[in-house]
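coords07.cif, holding mmCIF, C-alpha atoms and all ligand atoms:
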data_my_file
loop_
_atom_site.label_atom_id
_atom_site.label_comp_id
_atom_site.auth_asym_id
_atom_site.auth_seq_id
_atom_site.Cartn_x
_atom_site.Cartn_y
_atom_site.Cartn_z
CA MET H 1 29.70 -32.58 -23.16
CA LEU H 2 31.17 -29.10 -23.46
CA VAL H 3 29.57 -26.89 -26.10
CA SER H 4 30.63 -23.79 -27.99
CA ALA H 5 29.13 -20.59 -26.58
CA ALA H 6 27.93 -19.43 -30.01
CA GLU H 7 24.48 -21.01 -29.96
CA MET H 8 23.61 -20.10 -26.37
CA LEU H 9 24.62 -16.46 -26.97
CA LYS H 10 22.67 -16.17 -30.22
CA LYS H 11 19.60 -17.38 -28.34
CA ALA H 12 20.30 -14.99 -25.47
CA LYS H 13 20.64 -11.98 -27.75
CA ALA H 14 17.43 -12.86 -29.58
CA GLY H 15 15.62 -13.53 -26.27
CA HIS H 16 16.89 -10.35 -24.56
CA TYR H 17 18.71 -11.99 -21.67
CA ALA H 18 22.37 -12.65 -20.90
CA VAL H 19 24.38 -15.78 -20.10
CA GLY H 20 26.76 -15.44 -17.17
CA GLN H 21 30.45 -16.21 -17.44
CA PHE H 22 31.73 -17.10 -14.00
CA ASN H 23 35.46 -17.57 -13.54
CA ILE H 24 36.77 -20.76 -11.94
CA ASN H 25 39.85 -21.25 -9.77
CA ASN H 26 39.60 -24.79 -8.47
CA LEU H 27 37.29 -27.77 -7.98
CA GLU H 28 35.06 -26.07 -5.38
CA TRP H 29 34.45 -23.07 -7.63
CA THR H 30 33.62 -25.24 -10.64
CA LYS H 31 31.31 -27.53 -8.69
CA ALA H 32 29.50 -24.54 -7.13
CA ILE H 33 28.91 -22.80 -10.48
CA LEU H 34 27.76 -26.01 -12.19
CA THR H 35 25.40 -26.69 -9.26
CA ALA H 36 23.85 -23.22 -9.59
CA ALA H 37 23.45 -23.64 -13.37
CA GLU H 38 21.84 -27.08 -13.12
CA GLU H 39 19.49 -26.08 -10.28
CA THR H 40 18.29 -22.99 -12.15
CA LYS H 41 18.29 -24.67 -15.59
CA SER H 42 20.52 -21.93 -16.90
CA PRO H 43 23.17 -22.14 -19.64
CA VAL H 44 26.58 -21.16 -18.29
CA ILE H 45 30.10 -20.26 -19.35
CA LEU H 46 33.03 -21.26 -17.15
CA GLY H 47 35.79 -18.66 -17.54
CA VAL H 48 39.45 -19.54 -17.03
CA SER H 49 42.09 -16.81 -16.95
CA GLU H 50 45.62 -17.79 -17.96
CA GLY H 51 46.68 -17.27 -14.34
CA ALA H 52 43.91 -19.53 -13.01
CA GLY H 53 44.78 -22.13 -15.65
CA LYS H 54 48.36 -22.15 -14.43
CA TYR H 55 47.18 -22.33 -10.79
CA MET H 56 45.14 -25.44 -11.63
CA THR H 57 48.41 -26.90 -13.07
CA GLY H 58 47.47 -26.33 -16.71
CA PHE H 59 44.66 -26.20 -19.25
CA LYS H 60 44.58 -29.97 -19.78
CA THR H 61 43.90 -30.51 -16.08
CA VAL H 62 41.07 -27.98 -16.27
CA VAL H 63 39.50 -29.76 -19.25
CA GLY H 64 39.80 -33.14 -17.49
CA MET H 65 38.24 -31.81 -14.28
CA VAL H 66 35.35 -30.04 -16.01
CA ASN H 67 34.54 -32.98 -18.30
CA GLY H 68 34.60 -35.35 -15.32
CA MET H 69 32.21 -33.12 -13.41
CA LEU H 70 29.80 -32.75 -16.33
CA GLU H 71 29.51 -36.51 -16.43
CA GLU H 72 29.49 -37.36 -12.73
CA MET H 73 27.27 -34.44 -11.66
CA LYS H 74 24.91 -35.39 -14.52
CA ILE H 75 24.86 -31.85 -15.84
CA THR H 76 22.15 -31.37 -18.49
CA VAL H 77 22.44 -27.60 -19.15
CA PRO H 78 24.72 -26.23 -21.89
CA VAL H 79 28.21 -25.50 -20.52
CA ALA H 80 31.05 -23.79 -22.39
CA LEU H 81 34.64 -23.80 -21.13
CA HIS H 82 36.11 -20.48 -22.15
CA LEU H 83 39.59 -18.97 -21.99
CA ASP H 84 39.27 -15.49 -20.46
CA HIS H 85 41.48 -12.61 -21.74
CA GLY H 86 43.72 -15.00 -23.64
CA THR H 87 47.03 -14.14 -25.27
CA TYR H 88 47.63 -15.47 -28.77
CA GLU H 89 49.80 -18.28 -27.31
CA GLY H 90 47.27 -19.03 -24.56
CA CYS H 91 44.55 -19.38 -27.21
CA GLN H 92 46.63 -21.96 -29.10
CA LYS H 93 47.16 -23.96 -25.90
CA CYS H 94 43.46 -23.99 -25.04
CA ILE H 95 42.48 -25.05 -28.54
CA GLU H 96 44.85 -27.98 -28.15
CA ALA H 97 43.73 -28.81 -24.61
CA GLY H 98 40.03 -29.19 -25.53
CA PHE H 99 38.39 -25.92 -24.44
CA SER H 100 35.13 -25.21 -26.29
CA SER H 101 35.57 -21.45 -26.47
CA ILE H 102 38.33 -18.83 -26.29
CA MET H 103 38.72 -15.11 -25.89
CA PHE H 104 41.55 -13.47 -27.74
CA ASP H 105 42.28 -10.20 -25.98
CA GLY H 106 44.10 -8.31 -28.71
CA SER H 107 42.94 -4.96 -27.38
CA HIS H 108 46.50 -3.84 -26.56
CA TYR H 109 47.71 -4.44 -30.15
CA PRO H 110 47.42 -1.82 -32.88
CA ILE H 111 44.07 -2.44 -34.58
CA GLU H 112 45.70 -3.95 -37.73
CA GLU H 113 47.47 -6.58 -35.64
CA ASN H 114 44.36 -7.26 -33.55
CA VAL H 115 42.49 -7.80 -36.85
CA ALA H 116 45.13 -10.15 -38.32
CA LYS H 117 45.41 -12.36 -35.22
CA THR H 118 41.66 -12.42 -34.59
CA LYS H 119 41.06 -13.45 -38.21
CA GLU H 120 43.53 -16.31 -37.95
CA LEU H 121 41.99 -17.58 -34.71
CA ALA H 122 38.46 -17.22 -36.14
CA ALA H 123 39.36 -19.61 -38.96
CA ILE H 124 40.76 -22.20 -36.52
CA CYS H 125 37.73 -21.92 -34.21
CA LYS H 126 35.33 -22.32 -37.11
CA GLU H 127 37.09 -25.47 -38.22
CA LYS H 128 37.01 -26.93 -34.70
CA GLY H 129 33.45 -25.88 -33.81
CA MET H 130 34.68 -23.59 -31.04
CA SER H 131 33.47 -20.07 -30.26
CA LEU H 132 35.66 -16.97 -30.25
CA GLU H 133 35.39 -13.72 -28.30
CA ALA H 134 37.34 -10.64 -29.38
CA GLU H 135 37.94 -7.38 -27.56
CA VAL H 136 37.97 -3.78 -28.73
CA GLY H 137 38.75 -0.83 -26.50
CA SER H 138 39.85 -1.92 -23.04
CA ILE H 139 38.38 -2.89 -19.73
CA GLY H 140 39.74 -0.70 -16.95
CA GLY H 141 41.45 -1.98 -13.80
CA GLU H 142 43.35 -5.24 -13.42
CA GLU H 143 42.37 -8.90 -13.54
CA ASP H 144 44.93 -11.61 -12.97
CA GLY H 145 47.76 -9.50 -14.36
CA VAL H 146 45.72 -8.21 -17.33
CA VAL H 147 45.74 -4.40 -16.99
CA GLY H 148 43.54 -2.12 -19.09
CA ALA H 149 43.43 1.65 -19.49
CA GLY H 150 39.64 1.63 -19.70
CA GLU H 151 39.17 3.66 -22.88
CA CYS H 152 35.79 3.29 -24.59
CA ALA H 153 35.73 1.24 -27.78
CA ASP H 154 35.47 2.90 -31.17
CA PRO H 155 32.21 1.59 -32.73
CA GLN H 156 33.79 1.50 -36.22
CA GLU H 157 36.62 -0.70 -34.93
CA CYS H 158 34.01 -2.92 -33.26
CA LYS H 159 32.28 -3.35 -36.61
CA MET H 160 35.61 -4.21 -38.26
CA ILE H 161 36.37 -6.93 -35.67
CA ALA H 162 32.78 -8.20 -35.56
CA ASP H 163 32.94 -8.85 -39.31
CA LEU H 164 35.92 -11.20 -38.96
CA GLY H 165 33.77 -14.18 -37.99
CA VAL H 166 33.90 -13.89 -34.20
CA ASP H 167 30.95 -15.14 -32.12
CA MET H 168 30.91 -12.46 -29.42
CA LEU H 169 32.45 -9.06 -28.95
CA ALA H 170 33.72 -7.48 -25.73
CA ALA H 171 33.76 -3.70 -25.97
CA GLY H 172 35.09 -1.30 -23.38
CA ILE H 173 32.19 0.98 -22.36
CA GLY H 174 33.55 2.37 -19.10
CA ASN H 175 33.46 -1.01 -17.32
CA ILE H 176 36.24 -1.91 -14.89
CA HIS H 177 37.56 -5.19 -13.48
CA GLY H 178 37.30 -5.63 -9.72
CA VAL H 179 35.45 -3.40 -7.27
CA TYR H 180 34.28 -0.08 -8.81
CA PRO H 181 35.77 3.09 -7.32
CA GLU H 182 33.43 5.54 -5.58
CA ASN H 183 33.90 8.13 -8.33
CA TRP H 184 33.06 5.72 -11.17
CA GLN H 185 31.18 7.48 -13.98
CA GLY H 186 28.98 4.50 -14.88
CA LEU H 187 28.65 2.62 -18.18
CA SER H 188 28.60 4.61 -21.42
CA PHE H 189 25.25 3.56 -22.90
CA GLU H 190 25.82 5.99 -25.73
CA THR H 191 28.88 3.97 -26.81
CA LEU H 192 27.04 0.67 -26.31
CA ASP H 193 24.10 1.85 -28.39
CA ALA H 194 26.39 3.00 -31.21
CA ILE H 195 28.20 -0.37 -31.15
CA GLN H 196 25.00 -2.39 -31.30
CA GLU H 197 23.68 -0.21 -34.14
CA LEU H 198 26.75 -1.08 -36.22
CA THR H 199 27.24 -4.71 -35.19
CA GLY H 200 23.62 -5.90 -35.56
CA ASP H 201 23.07 -9.43 -34.26
CA MET H 202 26.51 -9.80 -32.69
CA PRO H 203 26.21 -10.82 -29.01
CA LEU H 204 28.05 -8.17 -26.96
CA VAL H 205 29.99 -9.00 -23.81
CA LEU H 206 30.09 -6.97 -20.62
CA HIS H 207 33.23 -7.60 -18.58
CA GLY H 208 33.74 -6.39 -15.01
CA GLY H 209 30.28 -7.58 -13.92
CA THR H 210 31.11 -7.28 -10.21
CA GLY H 211 29.26 -4.42 -8.55
CA ILE H 212 27.51 -2.98 -11.62
CA PRO H 213 24.11 -1.79 -10.35
CA ASP H 214 21.15 -3.97 -11.36
CA ASP H 215 19.46 -1.24 -13.40
CA MET H 216 22.61 -0.72 -15.48
CA ILE H 217 22.88 -4.47 -16.07
CA LYS H 218 19.29 -4.56 -17.32
CA LYS H 219 19.81 -1.55 -19.57
CA ALA H 220 22.99 -3.09 -21.00
CA ILE H 221 21.06 -6.30 -21.80
CA SER H 222 18.35 -4.24 -23.52
CA LEU H 223 21.11 -2.72 -25.70
CA GLY H 224 22.51 -6.03 -26.94
CA VAL H 225 24.69 -7.42 -24.13
CA ALA H 226 24.24 -11.21 -24.16
CA LYS H 227 27.17 -12.35 -21.97
CA ILE H 228 28.20 -10.88 -18.62
CA ASN H 229 31.43 -11.79 -16.86
CA VAL H 230 31.60 -12.07 -13.08
CA ASN H 231 34.70 -13.00 -11.13
CA THR H 232 35.56 -10.80 -8.13
CA GLU H 233 32.08 -11.03 -6.60
CA CYS H 234 32.38 -14.82 -6.17
CA GLN H 235 35.80 -14.35 -4.58
CA LEU H 236 34.41 -11.79 -2.14
CA VAL H 237 31.50 -13.97 -0.96
CA PHE H 238 33.78 -17.01 -0.67
CA ALA H 239 36.25 -15.06 1.50
CA GLU H 240 33.52 -13.58 3.66
CA ALA H 241 31.80 -16.92 4.37
CA THR H 242 35.13 -18.62 5.10
CA ARG H 243 36.19 -15.81 7.45
CA LYS H 244 32.88 -16.06 9.34
CA TYR H 245 33.32 -19.84 9.76
CA ILE H 246 36.81 -19.39 11.21
CA GLU H 247 35.95 -16.38 13.37
CA GLU H 248 33.09 -18.36 14.89
CA GLY H 249 35.67 -21.01 15.82
CA LYS H 250 33.93 -23.71 13.75
CA ASP H 251 37.24 -25.00 12.45
CA LYS H 252 38.06 -26.00 16.03
CA GLU H 253 34.88 -28.00 16.58
CA LYS H 254 34.24 -31.59 15.47
CA LYS H 255 37.00 -31.87 12.86
CA GLY H 256 35.89 -28.54 11.40
CA PHE H 257 39.41 -28.16 10.01
CA ASP H 258 38.68 -30.91 7.46
CA PRO H 259 38.88 -29.06 4.11
CA ARG H 260 35.59 -30.61 3.05
CA LYS H 261 33.97 -28.74 5.98
CA LEU H 262 36.19 -25.66 5.96
CA LEU H 263 35.55 -24.86 2.29
CA LYS H 264 31.82 -25.65 2.39
CA PRO H 265 30.40 -22.26 3.53
CA GLY H 266 32.42 -20.46 0.86
CA ALA H 267 31.28 -22.86 -1.85
CA GLU H 268 27.64 -22.52 -0.75
CA ALA H 269 27.99 -18.73 -0.87
CA ILE H 270 29.19 -19.00 -4.48
CA VAL H 271 26.17 -21.15 -5.40
CA GLU H 272 23.83 -18.49 -3.98
CA LYS H 273 25.67 -15.58 -5.63
CA VAL H 274 25.71 -17.30 -9.04
CA LYS H 275 21.98 -18.10 -8.79
CA GLU H 276 21.27 -14.46 -7.90
CA LYS H 277 23.20 -13.30 -10.98
CA MET H 278 21.48 -15.82 -13.27
CA GLU H 279 18.15 -14.49 -12.04
CA LEU H 280 19.24 -10.90 -12.72
CA PHE H 281 20.63 -11.74 -16.17
CA GLY H 282 17.37 -13.54 -17.09
CA SER H 283 19.02 -16.87 -18.00
CA VAL H 284 17.06 -18.98 -15.49
CA GLY H 285 14.99 -21.66 -17.23
CA LYS H 286 16.64 -20.91 -20.60
CA ALA H 287 18.67 -24.15 -20.79
O1 LIG H 301 36.92 -11.42 -17.44
C1 LIG H 301 36.35 -11.50 -16.34
C2 LIG H 301 35.53 -10.44 -15.83
O2 LIG H 301 35.50 -9.35 -16.64
C3 LIG H 301 35.28 -10.33 -14.38
O3 LIG H 301 35.27 -9.04 -13.84
O4 LIG H 301 36.14 -9.50 -11.56
O5 LIG H 301 35.04 -7.36 -12.12
O6 LIG H 301 33.71 -9.42 -11.95
P1 LIG H 301 35.02 -8.83 -12.29
ZN ZN H 302 37.28 -9.41 -18.14
#
What would the structure in this file look like if it were written as structure tokens?
Amino acid sequence: MLVSAAEMLKKAKAGHYAVGQFNINNLEWTKAILTAAEETKSPVILGVSEGAGKYMTGFKTVVGMVNGMLEEMKITVPVALHLDHGTYEGCQKCIEAGFSSIMFDGSHYPIEENVAKTKELAAICKEKGMSLEAEVGSIGGEEDGVVGAGECADPQECKMIADLGVDMLAAGIGNIHGVYPENWQGLSFETLDAIQELTGDMPLVLHGGTGIPDDMIKKAISLGVAKINVNTECQLVFAEATRKYIEEGKDKEKKGFDPRKLLKPGAEAIVEKVKEKMELFGSVGKA
């Protein structure tokens, strides 16, 4: 059964580790991430962008697929199905479709509007037992059509949003979606520290997890980050393993073109990458 992310993140914040959110795109991705979570006994959050939801034909299909897998793969670890960078309309659709968690990305609205919409969604989520993530400041770069300027969050605004009854707060601290540019300045720990000072027990979320050096990840966790989002890195290892399989001509041997064989190296690479991240985030054995 899907669960809200609230409980697992509260535990993570108190235990000084982070739960990984790994974005899904299809059946192979979902199966690989659930396999890694079950094998490492780690709680996990499956992230679905609006674009990926559309690609999988719609949010109801996603809910059906994930619930079927939880049952037939006999998954015992806590799993949340979470809308990633949702619009107000997207949030409504996911609530209706049976997601257990949503992110309302109101970071591009004036703060008053972000507050009003977040408040409304917080009341609905509370009533339905779902968890809600809000965003302040913006994550740089682009993810699935969501573009951010990358300005650091204002800690006072973070406090204002955190007090609206959300379960987790994403704050821009110099993090960027996708591969980091060579001249990246690193995370602003000063901003993160100021945010955690003001928001207390609120689990903080670090987006743009791909390519952040391990020492920065650990420092971010020590300063209150309890959820870390990773997307691009799984895509990169999937592409690399698939390319290797084809370049070695394996698709031409013994029915190697069968999608169940062709997609296997990529899926296995995702399992390994997700396990590596769970180890780094400290969530292994925490289910
Ligand atoms: O919302 C999803 C993430 O922030 C993923 O970022 O693609 O840089 O790993 P990433
Ligand atoms: Zn993100």
#### Entry: Test item: residues lying within 8 Å of ligand LIG 301 (chain H) with all atoms listed in the file, as a list in words
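Those residues are Gln21, Phe22, Asn23, Gly47, Ser49, Asp84, His85, Ile139, Glu143, Ile176, His177, Gly178, Val179, Leu206, His207, Gly208, Gly209, Thr210, Gly211, Ile228, Asn229, Val230, Asn231, Thr232 and Glu233 of chain H.
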### Task
Work out how far apart CA of Asp105 (chain H) and CA of Leu81 (chain H) are and give it in Å to one decimal.
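Those two atoms sit 16.3 Å apart.
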### Message
Given the point (29.3, -3.3, -33.8) in the file's coordinates, find the residues that have an atom at most 10 Å from it, counting all atoms listed in the file, and give them as a ChimeraX atom specification.
### Response
/H:153-163,169,171,192-204
### Message
Ranking H:Met168, H:Asn26, H:Glu39, H:Ile45 by minimum distance to Thr57 (chain H) and counting all atoms listed in the file, which one comes first?
### Response
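For Thr57 (chain H), the nearest of the given residues is H:Asn26.
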### Message
If we count all atoms listed in the file and set the cut-off at 9 Å, which residues sit around Lys264 (chain H), ignoring sequence neighbours fewer than 5 positions away in its own chain? Please answer as JSON, numbers by chain.
### Response
{"H": [28, 241, 242, 259, 269]}
### Query
So which residues touch region 5-13 of chain H within 10 Å, counting all atoms listed in the file, skipping near sequence neighbours fewer than 2 positions away, as a ChimeraX atom specification?
/H:2-3,15-19,43-45,78-82,100-102,129-133,166-168,201-205,221-227,281-283,286-287
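Across the model, the gap from CA of Ile270 (chain H) to CA of Lys250 (chain H) is 19.4 Å.
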### Message
Residues within 8 Å of region 34-37 of chain H, please, as an NGL selection string. Count only C-alpha atoms; anything in the same chain fewer than 3 positions from it doesn't count.
### Response
:H and (30-31 or 40-44 or 75 or 77 or 271-272 or 274-275)
### Message
Report as a ChimeraX atom specification all protein, DNA and RNA residues lying within 10 Å of Gly98 (chain H), evaluated on only C-alpha atoms, omitting residues in the same chain fewer than 3 positions from it.
### Response
/H:2,59-60,62-64,67,81,93-95,101,128,130
### Task
Pick out the residues sitting within 12 Å of Lys244 (chain H), and hand them over as a list in words; count only C-alpha atoms, and ignore anything fewer than 3 positions along from it in its own chain.
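The contact residues come out as Val237, Phe238, Ala239, Glu240, Ala241, Glu247, Glu248, Gly249, Lys250, Asp251, Leu262, Leu263, Lys264, Pro265, Gly266 and Ala269 of chain H.
For the set H:Leu280, H:Met216, H:Ala52, H:Leu121, the residue with the smallest atom-to-atom gap to Gly145 (chain H) is H:Ala52, counting all atoms listed in the file.
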Counting only C-alpha atoms, select every polymer residue within 9 Å of (44.0, 1.0, -32.9) as defined in the file's coordinates, and provide the selection as a PDB file with C-alpha atoms, in the frame of the given file.
ATOM      1  CA  SER H 107      42.940  -4.960 -27.380  1.00  0.00           C
ATOM      2  CA  HIS H 108      46.500  -3.840 -26.560  1.00  0.00           C
ATOM      3  CA  TYR H 109      47.710  -4.440 -30.150  1.00  0.00           C
ATOM      4  CA  PRO H 110      47.420  -1.820 -32.880  1.00  0.00           C
ATOM      5  CA  ILE H 111      44.070  -2.440 -34.580  1.00  0.00           C
ATOM      6  CA  GLU H 112      45.700  -3.950 -37.730  1.00  0.00           C
ATOM      7  CA  GLU H 113      47.470  -6.580 -35.640  1.00  0.00           C
ATOM      8  CA  ASN H 114      44.360  -7.260 -33.550  1.00  0.00           C
ATOM      9  CA  VAL H 136      37.970  -3.780 -28.730  1.00  0.00           C
ATOM     10  CA  GLY H 137      38.750  -0.830 -26.500  1.00  0.00           C
ATOM     11  CA  ASP H 154      35.470   2.900 -31.170  1.00  0.00           C
ATOM     12  CA  GLU H 157      36.620  -0.700 -34.930  1.00  0.00           C
TER      13      GLU H 157
END
### Query
So how many Å separate CA of Glu120 (chain H) and CA of Glu96 (chain H), to one decimal?
15.3 Å
Work out where the centre of an axis-aligned box around every listed atom of region 125-131 of chain H lies and how long its edges are once 4 Å is added on each side; give both in Å to one decimal as lines of an AutoDock Vina configuration file.
center_x = 35.6
center_y = -23.5
center_z = -34.2
size_x = 12.3
size_y = 14.9
size_z = 16.0
#### Entry: Shortest interatomic distance to ligand ZN 302 (chain H) - which of H:Asp258, H:Cys234, H:Lys117, H:Asn175, counting only C-alpha atoms and all ligand atoms
H:Asn175
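For the set H:Tyr55, H:Phe104, H:Phe257, H:Phe99, the residue with the smallest atom-to-atom gap to ligand ZN 302 (chain H) is H:Phe104, counting only C-alpha atoms and all ligand atoms.
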Region 87-147 of chain H written out with C-alpha atoms as a compact mmCIF listing (two decimals), in the first residue's frame:
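This is the output file selection-v3.txt:
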# COMPACT_ATOMS: atom_id res chain seq x y z
CA THR H 87 1.11 22.81 -11.09
CA TYR H 88 -2.03 23.63 -9.14
CA GLU H 89 -4.11 21.71 -11.73
CA GLY H 90 -1.67 18.78 -11.77
CA CYS H 91 -1.95 18.54 -7.98
CA GLN H 92 -5.75 18.28 -8.21
CA LYS H 93 -5.47 15.50 -10.80
CA CYS H 94 -3.02 13.49 -8.69
CA ILE H 95 -5.16 13.82 -5.58
CA GLU H 96 -8.03 12.39 -7.59
CA ALA H 97 -5.93 9.65 -9.20
CA GLY H 98 -4.73 8.18 -5.89
CA PHE H 99 -1.19 9.53 -5.42
CA SER H 100 -0.06 9.51 -1.78
CA SER H 101 1.96 12.71 -1.96
CA ILE H 102 2.23 15.86 -4.08
CA MET H 103 4.59 18.75 -4.62
CA PHE H 104 3.04 22.09 -5.41
CA ASP H 105 5.70 24.16 -7.13
CA GLY H 106 4.36 27.66 -6.58
CA SER H 107 7.84 29.16 -6.63
CA HIS H 108 7.12 31.20 -9.78
CA TYR H 109 4.04 32.88 -8.21
CA PRO H 110 4.29 36.04 -6.11
CA ILE H 111 4.72 34.88 -2.51
CA GLU H 112 1.11 35.84 -1.54
CA GLU H 113 -0.29 33.60 -4.27
CA ASN H 114 2.13 30.78 -3.44
CA VAL H 115 0.91 31.05 0.18
CA ALA H 116 -2.80 31.03 -0.75
CA LYS H 117 -2.57 28.02 -3.09
CA THR H 118 -0.25 26.07 -0.78
CA LYS H 119 -2.64 26.65 2.13
CA GLU H 120 -5.60 25.37 0.14
CA LEU H 121 -3.73 22.24 -0.96
CA ALA H 122 -2.44 21.64 2.58
CA ALA H 123 -6.02 21.44 3.86
CA ILE H 124 -7.00 18.92 1.15
CA CYS H 125 -3.89 16.79 1.77
CA LYS H 126 -4.52 16.76 5.51
CA GLU H 127 -8.06 15.56 4.98
CA LYS H 128 -6.93 12.79 2.61
CA GLY H 129 -3.86 11.68 4.60
CA MET H 130 -1.51 12.74 1.81
CA SER H 131 1.78 14.60 2.17
CA LEU H 132 2.56 17.96 0.58
CA GLU H 133 5.85 19.50 -0.54
CA ALA H 134 6.13 23.22 -1.20
CA GLU H 135 8.89 25.20 -2.88
CA VAL H 136 10.46 28.55 -2.09
CA GLY H 137 13.16 30.17 -4.17
CA SER H 138 13.86 28.24 -7.35
CA ILE H 139 15.93 25.34 -8.55
CA GLY H 140 18.15 26.37 -11.44
CA GLY H 141 18.23 24.68 -14.85
CA GLU H 142 15.40 22.79 -16.50
CA GLU H 143 13.55 19.57 -15.72
CA ASP H 144 10.82 18.30 -17.99
CA GLY H 145 9.84 21.80 -19.08
CA VAL H 146 10.05 23.28 -15.56
CA VAL H 147 12.61 26.10 -15.79
